[in-house]
Amino acid sequence: MSELLRFRSYRVRPASILTNSYVAGTVIENAQNFNTVSLNIAFTKGSLSDASVKIEVSNDGVNYYQLCSDSISNGVDTIKMLSYCLSADGNYSTTPLEINAKYIKVSAIGTSNTTGSSMTIDVICSTN
């Protein structure tokens with residue numbers, strides 16, 4: 001018997017020029033109905049050095065926490081802020097991440113000259 005996969009795609013950032021500070025896209029509400037999130041990113045570099053995208057979660061819609069990644073080596077757990085750095089034109093899809101929050105906020109930033117840059121971000125939420 002196959003499992004039914006439920007998913008929903010949210011366009012949180014329509015195609016637009018990046019800036020030199022993080023700009024948040026549309027916040028996704030009621031994300032607690034899903035258990036994984038991934039990003040589909042369409043990126044045009046233009047004159048940028050690169051661009052970064054970060055994901056933040058919240059349970060109250062006020063206090064947001066950036067998703068982190070961690071690795072364990074020799075018994076030491078190293079935690080790093082999770083962000084996606086893009087340095088070439090392309091369409092990118094991230095590995096699904098587990099989530100446990102009511103709100104999801106995705107923000108993007110460009111580094112250096114933003115002329116000719118563009119980024120579109122869709123958030124894919126799913127559960128099975």
# chains A, B, ... in the order shown; residues from 1 in each chain; ligands from 1
>>> select_by_dssp(residues="chain A", states="strand (DSSP E or B)", output="PyMOL selection string")
chain A and resi 6-16+23-24+28+36-44+50-58+65-66+68-73+76-81+83-86+90-93+97-98+103-111+118-127
>>> residues_around(residues="Gly116 (chain A)", least_positions_apart="3", cutoff="9 Å", atoms="only C-alpha atoms", output="list of chain:residue names")
A:Ile17, A:Thr44, A:Lys45, A:Gly46, A:Ser47, A:Leu48, A:Asn113
>>> residues_around(residues="Ile41 (chain A)", least_positions_apart="5", cutoff="10 Å", atoms="only C-alpha atoms", output="list of chain:residue names")
A:Arg13, A:Ala15, A:Val53, A:Leu86, A:Gly90, A:Asn91, A:Tyr92, A:Ser93, A:Thr94, A:Met119, A:Thr120, A:Ile121, A:Asp122, A:Val123
>>> residues_around(residues="Ser58 (chain A)", least_positions_apart="2", cutoff="6 Å", atoms="only C-alpha atoms", output="PyMOL selection string")
chain A and resi 60-61+63-64+101+103
>>> closest_residue(among="A:Asn20, A:Ser118, A:Ser52, A:Asn35", to="Cys85 (chain A)", atoms="only C-alpha atoms")
A:Ser52
>>> closest_residue(among="A:Thr19, A:Gln66, A:Thr26, A:Asn33", to="Asp50 (chain A)", atoms="only C-alpha atoms")
A:Thr19
>>> atom_distance(atom1="CA of Arg8 (chain A)", atom2="CA of Thr127 (chain A)")
9.4 Å
>>> residues_around(residues="region 68-80 of chain A", least_positions_apart="3", cutoff="10 Å", atoms="only C-alpha atoms", output="ChimeraX atom specification")
/A:54-56,65,83
>>> atom_distance(atom1="CA of Val12 (chain A)", atom2="CA of Gly25 (chain A)")
4.9 Å
